[in-house]
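protein19.tsv follows (TSV, C-alpha atoms):
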chain	number	residue	atom	x	y	z
A	1	MET	CA	-21.46	16.22	-3.49
A	2	ILE	CA	-20.99	19.86	-4.53
A	3	LEU	CA	-24.10	21.05	-6.35
A	4	SER	CA	-22.60	23.93	-8.39
A	5	LEU	CA	-19.61	21.86	-9.60
A	6	ASN	CA	-22.06	19.04	-10.33
A	7	ILE	CA	-24.17	21.22	-12.63
A	8	VAL	CA	-21.13	22.69	-14.45
A	9	LEU	CA	-19.67	19.21	-15.07
A	10	LEU	CA	-23.00	17.86	-16.33
A	11	VAL	CA	-23.40	20.74	-18.80
A	12	PHE	CA	-19.88	20.15	-20.14
A	13	LEU	CA	-20.70	16.43	-20.35
A	14	VAL	CA	-23.70	17.00	-22.63
A	15	VAL	CA	-21.67	19.41	-24.79
A	16	ALA	CA	-18.86	16.84	-25.17
A	17	ALA	CA	-21.35	14.09	-26.06
A	18	VAL	CA	-23.04	16.24	-28.72
A	19	ILE	CA	-19.68	17.26	-30.25
A	20	SER	CA	-18.31	13.70	-30.33
A	21	LEU	CA	-21.47	12.44	-32.06
A	22	GLY	CA	-21.74	15.38	-34.43
A	23	VAL	CA	-18.21	15.78	-35.79
A	24	LYS	CA	-17.47	14.05	-39.12
A	25	ASP	CA	-13.79	13.38	-38.46
A	26	LEU	CA	-13.77	10.14	-36.47
A	27	LEU	CA	-10.36	10.78	-34.89
A	28	SER	CA	-11.54	14.12	-33.44
A	29	GLY	CA	-14.73	12.37	-32.37
A	30	SER	CA	-12.86	9.75	-30.40
A	31	MET	CA	-10.63	12.43	-28.83
A	32	VAL	CA	-13.72	14.34	-27.67
A	33	LEU	CA	-15.08	11.03	-26.38
A	34	GLY	CA	-11.88	10.77	-24.30
A	35	ILE	CA	-12.61	14.25	-22.92
A	36	TYR	CA	-16.14	13.00	-22.17
A	37	GLY	CA	-14.67	10.06	-20.25
A	38	PHE	CA	-12.41	12.34	-18.23
A	39	LEU	CA	-15.31	14.69	-17.42
A	40	ILE	CA	-17.47	11.79	-16.25
A	41	CYS	CA	-14.52	10.57	-14.15
A	42	LEU	CA	-14.39	14.01	-12.46
A	43	LEU	CA	-18.14	13.70	-11.92
A	44	TRP	CA	-17.79	10.34	-10.16
A	45	ALA	CA	-15.06	11.72	-7.88
A	46	GLU	CA	-17.25	14.73	-7.07
A	47	MET	CA	-20.23	12.50	-6.26
A	48	GLY	CA	-18.18	10.43	-3.79
A	49	ALA	CA	-17.68	7.36	-6.01
A	50	VAL	CA	-13.88	7.35	-5.99
A	51	ASP	CA	-13.56	3.67	-6.96
A	52	VAL	CA	-15.74	4.22	-10.02
A	53	ALA	CA	-13.67	7.33	-10.80
A	54	PHE	CA	-10.41	5.33	-10.78
A	55	THR	CA	-11.88	2.68	-13.07
A	56	GLU	CA	-13.40	5.22	-15.42
A	57	ALA	CA	-10.11	7.15	-15.70
A	58	ALA	CA	-8.17	4.00	-16.54
A	59	VAL	CA	-10.77	2.26	-18.68
A	60	GLY	CA	-13.19	4.87	-20.01
A	61	ALA	CA	-10.76	7.68	-20.83
A	62	GLY	CA	-7.71	5.46	-21.49
A	63	VAL	CA	-8.40	2.04	-22.95
A	64	SER	CA	-11.53	2.83	-24.95
A	65	THR	CA	-9.83	5.83	-26.62
A	66	VAL	CA	-6.91	3.57	-27.58
A	67	LEU	CA	-9.36	1.00	-28.99
A	68	PHE	CA	-11.18	3.66	-31.02
A	69	VAL	CA	-7.95	5.14	-32.41
A	70	ALA	CA	-6.64	1.66	-33.33
A	71	THR	CA	-9.90	0.89	-35.17
A	72	ILE	CA	-9.84	4.22	-37.01
A	73	LEU	CA	-6.22	3.64	-38.08
A	74	ASN	CA	-7.24	0.24	-39.50
A	75	THR	CA	-10.38	1.56	-41.22
A	76	LYS	CA	-11.45	4.94	-42.66
A	77	ARG	CA	-11.04	8.23	-40.80
A	78	ARG	CA	-13.88	10.13	-42.47
A	79	SER	CA	-17.51	9.49	-41.65
A	80	THR	CA	-20.45	10.46	-43.85
A	81	ASP	CA	-22.57	11.68	-40.92
B	1	MET	CA	-41.05	30.71	-11.36
B	2	ALA	CA	-37.28	30.70	-10.94
B	3	GLU	CA	-37.64	29.00	-7.58
B	4	PHE	CA	-39.96	26.39	-9.10
B	5	LEU	CA	-37.48	25.69	-11.92
B	6	TRP	CA	-34.61	25.41	-9.41
B	7	LYS	CA	-36.61	22.97	-7.28
B	8	THR	CA	-37.68	20.77	-10.19
B	9	ILE	CA	-34.52	20.89	-12.34
B	10	GLY	CA	-31.62	22.06	-10.19
B	11	HIS	CA	-31.87	19.45	-7.46
B	12	HIS	CA	-32.58	16.61	-9.90
B	13	PHE	CA	-30.17	17.81	-12.58
B	14	ASN	CA	-28.33	14.45	-12.65
B	15	PHE	CA	-31.50	12.68	-13.71
B	16	TRP	CA	-32.35	15.24	-16.41
B	17	VAL	CA	-28.85	14.92	-17.85
B	18	TYR	CA	-29.17	11.13	-17.56
B	19	ILE	CA	-32.27	11.24	-19.79
B	20	VAL	CA	-30.57	13.58	-22.30
B	21	LEU	CA	-27.45	11.40	-22.55
B	22	LEU	CA	-29.53	8.20	-22.78
B	23	MET	CA	-31.57	9.61	-25.68
B	24	LEU	CA	-28.42	10.94	-27.41
B	25	GLY	CA	-26.77	7.52	-27.21
B	26	LEU	CA	-29.91	5.67	-28.32
B	27	TRP	CA	-30.36	8.04	-31.27
B	28	ALA	CA	-26.74	7.63	-32.36
B	29	THR	CA	-26.92	3.83	-32.01
B	30	ILE	CA	-30.05	3.65	-34.19
B	31	ALA	CA	-29.76	6.53	-36.65
B	32	LYS	CA	-26.03	7.04	-37.33
B	33	ASN	CA	-24.71	5.56	-40.57
B	34	ASN	CA	-21.09	4.93	-39.59
B	35	LEU	CA	-20.46	1.85	-37.45
B	36	VAL	CA	-17.77	3.56	-35.31
B	37	LYS	CA	-20.23	6.42	-34.64
B	38	LYS	CA	-22.81	3.84	-33.55
B	39	LEU	CA	-20.32	2.44	-31.05
B	40	MET	CA	-19.60	5.94	-29.71
B	41	GLY	CA	-23.34	6.27	-29.13
B	42	LEU	CA	-23.38	2.89	-27.39
B	43	SER	CA	-20.56	4.04	-25.10
B	44	ILE	CA	-22.47	7.22	-24.18
B	45	PHE	CA	-25.65	5.18	-23.60
B	46	GLN	CA	-23.80	2.90	-21.20
B	47	SER	CA	-22.24	5.73	-19.20
B	48	ALA	CA	-25.65	7.41	-18.93
B	49	ILE	CA	-27.04	4.31	-17.21
B	50	ILE	CA	-24.03	4.30	-14.86
B	51	LEU	CA	-24.76	7.98	-14.15
B	52	LEU	CA	-28.32	7.03	-13.07
B	53	TYR	CA	-27.13	4.37	-10.64
B	54	VAL	CA	-24.33	6.46	-9.09
B	55	SER	CA	-26.75	9.41	-8.74
B	56	ILE	CA	-29.13	7.20	-6.75
B	57	GLY	CA	-26.36	6.47	-4.22
B	58	THR	CA	-25.22	10.05	-3.70
B	59	LYS	CA	-26.49	12.47	-1.04
B	60	GLU	CA	-26.14	16.21	-0.67
B	61	GLY	CA	-23.31	17.06	1.73
B	62	ALA	CA	-22.11	13.44	1.86
B	63	THR	CA	-18.44	12.43	1.76
B	64	ILE	CA	-16.67	9.41	0.29
B	65	PRO	CA	-17.47	5.97	1.86
B	66	ILE	CA	-14.01	5.34	3.36
B	67	LEU	CA	-13.10	5.05	7.08
B	68	ASP	CA	-9.78	6.12	8.63
B	69	HIS	CA	-7.64	3.96	10.94
B	70	HIS	CA	-9.85	4.62	13.97
B	71	GLY	CA	-13.07	3.65	12.22
B	72	HIS	CA	-14.19	7.26	11.75
B	73	ILE	CA	-15.23	9.08	8.62
B	74	PRO	CA	-12.30	11.32	7.63
B	75	SER	CA	-14.07	14.69	7.47
B	76	GLU	CA	-14.14	17.88	9.45
B	77	SER	CA	-17.91	17.70	9.95
B	78	HIS	CA	-19.76	17.23	13.24
B	79	HIS	CA	-20.18	13.47	12.97
B	80	ALA	CA	-16.44	12.77	12.91
B	81	ASP	CA	-16.46	11.50	16.50
B	82	VAL	CA	-19.41	9.11	16.23
B	83	GLY	CA	-19.13	5.50	15.18
B	84	PRO	CA	-19.57	4.36	11.62
B	85	GLU	CA	-22.84	2.59	12.39
B	86	ILE	CA	-24.79	5.82	13.03
B	87	ALA	CA	-23.03	8.11	10.55
B	88	ALA	CA	-24.58	6.63	7.39
B	89	HIS	CA	-26.31	9.92	6.51
B	90	GLY	CA	-22.90	11.54	6.02
B	91	VAL	CA	-21.45	9.12	3.46
B	92	ALA	CA	-22.49	8.20	-0.07
B	93	ASN	CA	-24.07	4.77	-0.52
B	94	PRO	CA	-21.28	2.51	-1.88
B	95	LEU	CA	-23.55	-0.32	-3.12
B	96	PRO	CA	-24.42	1.25	-6.53
B	97	HIS	CA	-20.72	2.15	-6.98
B	98	VAL	CA	-19.66	-1.48	-6.65
B	99	LEU	CA	-22.39	-2.65	-9.03
B	100	MET	CA	-21.38	-0.06	-11.62
B	101	LEU	CA	-17.70	-0.99	-11.31
B	102	THR	CA	-18.49	-4.32	-12.98
B	103	ALA	CA	-20.68	-2.57	-15.54
B	104	ILE	CA	-17.77	-0.35	-16.65
B	105	VAL	CA	-15.43	-3.31	-17.14
B	106	VAL	CA	-18.08	-5.32	-19.02
B	107	GLY	CA	-18.79	-2.24	-21.15
B	108	VAL	CA	-15.18	-1.85	-22.24
B	109	ALA	CA	-14.97	-5.57	-23.04
B	110	THR	CA	-18.05	-5.38	-25.29
B	111	LEU	CA	-16.63	-2.23	-26.89
B	112	GLY	CA	-13.40	-4.08	-27.73
B	113	VAL	CA	-15.31	-7.00	-29.27
B	114	ALA	CA	-17.52	-4.63	-31.28
B	115	LEU	CA	-14.57	-2.62	-32.61
B	116	SER	CA	-12.74	-5.79	-33.64
B	117	LEU	CA	-15.93	-6.86	-35.49
B	118	VAL	CA	-15.90	-3.45	-37.24
B	119	GLN	CA	-12.32	-4.09	-38.37
B	120	ALA	CA	-13.29	-7.55	-39.66
B	121	ILE	CA	-16.22	-6.00	-41.58
B	122	TYR	CA	-13.86	-3.42	-43.08
B	123	ARG	CA	-11.44	-6.17	-44.19
B	124	ASP	CA	-14.24	-8.09	-45.92
B	125	PHE	CA	-16.31	-5.26	-47.43
B	126	GLY	CA	-13.95	-2.27	-47.61
B	127	THR	CA	-16.38	0.08	-45.84
B	128	VAL	CA	-17.89	0.77	-42.42
B	129	GLU	CA	-20.89	2.78	-43.67
B	130	GLU	CA	-24.17	0.99	-43.09
B	131	ASP	CA	-25.92	1.91	-46.36
B	132	GLU	CA	-22.92	0.84	-48.47
B	133	LEU	CA	-22.72	-2.40	-46.50
B	134	LEU	CA	-26.41	-3.13	-47.14
B	135	ARG	CA	-25.96	-2.45	-50.86
B	136	GLU	CA	-22.89	-4.70	-50.92
B	137	ILE	CA	-24.73	-7.54	-49.19
B	138	LYS	CA	-27.72	-7.13	-51.52
B	139	SER	CA	-25.44	-7.36	-54.57
B	140	LEU	CA	-23.91	-10.55	-53.14
B	141	HIS	CA	-27.36	-12.14	-52.76
B	142	PRO	CA	-29.48	-10.63	-55.56
B	143	ASP	CA	-32.36	-13.11	-55.13
B	144	GLY	CA	-32.95	-12.04	-51.56
Would you mind giving the structure from this file in structure tokens?
Amino acid sequence: MILSLNIVLLVFLVVAAVISLGVKDLLSGSMVLGIYGFLICLLWAEMGAVDVAFTEAAVGAGVSTVLFVATILNTKRRSTD
Amino acid sequence: MAEFLWKTIGHHFNFWVYIVLLMLGLWATIAKNNLVKKLMGLSIFQSAIILLYVSIGTKEGATIPILDHHGHIPSESHHADVGPEIAAHGVANPLPHVLMLTAIVVGVATLGVALSLVQAIYRDFGTVEEDELLREIKSLHPDG
């Protein structure tokens, strides 16, 4: 565990979460959520949880972004809030 | 003052960020109007809980919980030549990692089910906004 990298990654994590929840365009929101997943994957690798990092990179940043984009293509792209 | 803040926040920063992310996800799940936004909040909520559990297992200066071919921890530190049974202070605790591995997979499965339900709702009602959905349902059943 590297404390300075840890703190930088956690700050970026909160920023990515706030942006993905705040933006009104759902496609940009899901893209920022993919960035969030990649950041949290870097965080797991930095904290020594490499198996969780592998799974998060494949599932959190990959599959869930694909699921969100597929849903947005089948429904509306704009959100009211 | 700065030293006090560093001691209380800096060394427990994972847990502070865990609380912030948990509250962000809970707020989005309850208060957002769009169903896809609610699911984004649910996803953040879930990863915050995983952050708590992985943070419990980590130690400062610890390496990854993997042994090399000779049964040693592959690092350049001073405990590289001792056996794995007395070097536990130098590796992260892998038990929370394994528990959270299942949680991630279960989380993505529930996310897939929830998003397919959102698509079914859109096919039936033509909207994914919660207030419009409630109005639509109320017009379908006007007597309550």
- Item | chain A contacts on chain B, only C-alpha atoms, 6 Å, as a ChimeraX atom specification | /B:60-61,63-64,101
Excluding same-chain residues fewer than 5 positions from stretch 131-138 of chain B, what lies within 10 Å of it counting all atoms listed in the file, as a compact mmCIF listing (two decimals) with C-alpha atoms, in the frame of the given file?
# COMPACT_ATOMS: atom_id res chain seq x y z
CA ASN B 33 -24.71 5.56 -40.57
CA ASN B 34 -21.09 4.93 -39.59
CA ILE B 121 -16.22 -6.00 -41.58
CA TYR B 122 -13.86 -3.42 -43.08
CA PHE B 125 -16.31 -5.26 -47.43
CA GLY B 126 -13.95 -2.27 -47.61
CA ASP B 143 -32.36 -13.11 -55.13
CA GLY B 144 -32.95 -12.04 -51.56
- Query: In Å, how far is it from atom CA of B:His11 to atom CA of B:Leu26?
  - Reply: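 According to the coordinates, atom CA of B:His11 and atom CA of B:Leu26 are separated by 25.1 Å.
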- Straight-line distance linking atom CA of A:Ala16 with atom CA of A:Ala61, stated in Å to one decimal: 13.0 Å
Report, as AutoDock Vina command-line options, the axis-aligned box around all atoms of stretch 1-19 of chain B present in the file, extended by 3 Å on each side; give centre and edge lengths in Å to one decimal place.
--center_x -34.7 --center_y 20.9 --center_z -13.5 --size_x 18.7 --size_y 25.6 --size_z 18.5
- Compare B:Ala28, B:Ala62, B:Leu67, B:Ile50 by their minimum atom-to-atom distance to B:Thr102, counting all atoms listed in the file, and give me the closest one.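 Looking only at the distances to B:Thr102, the closest residue turns out to be B:Ile50.
If you look at atom CA of B:Lys38 and atom CA of B:Tyr18, they are 18.7 Å away from each other.
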- Message: Considering all atoms listed in the file, can you say which of B:Ala2, B:Leu39, B:Ile44, B:Ala114 comes closest to B:Leu21?
- Response: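 Checking each candidate against B:Leu21, we get B:Ile44 as the closest.
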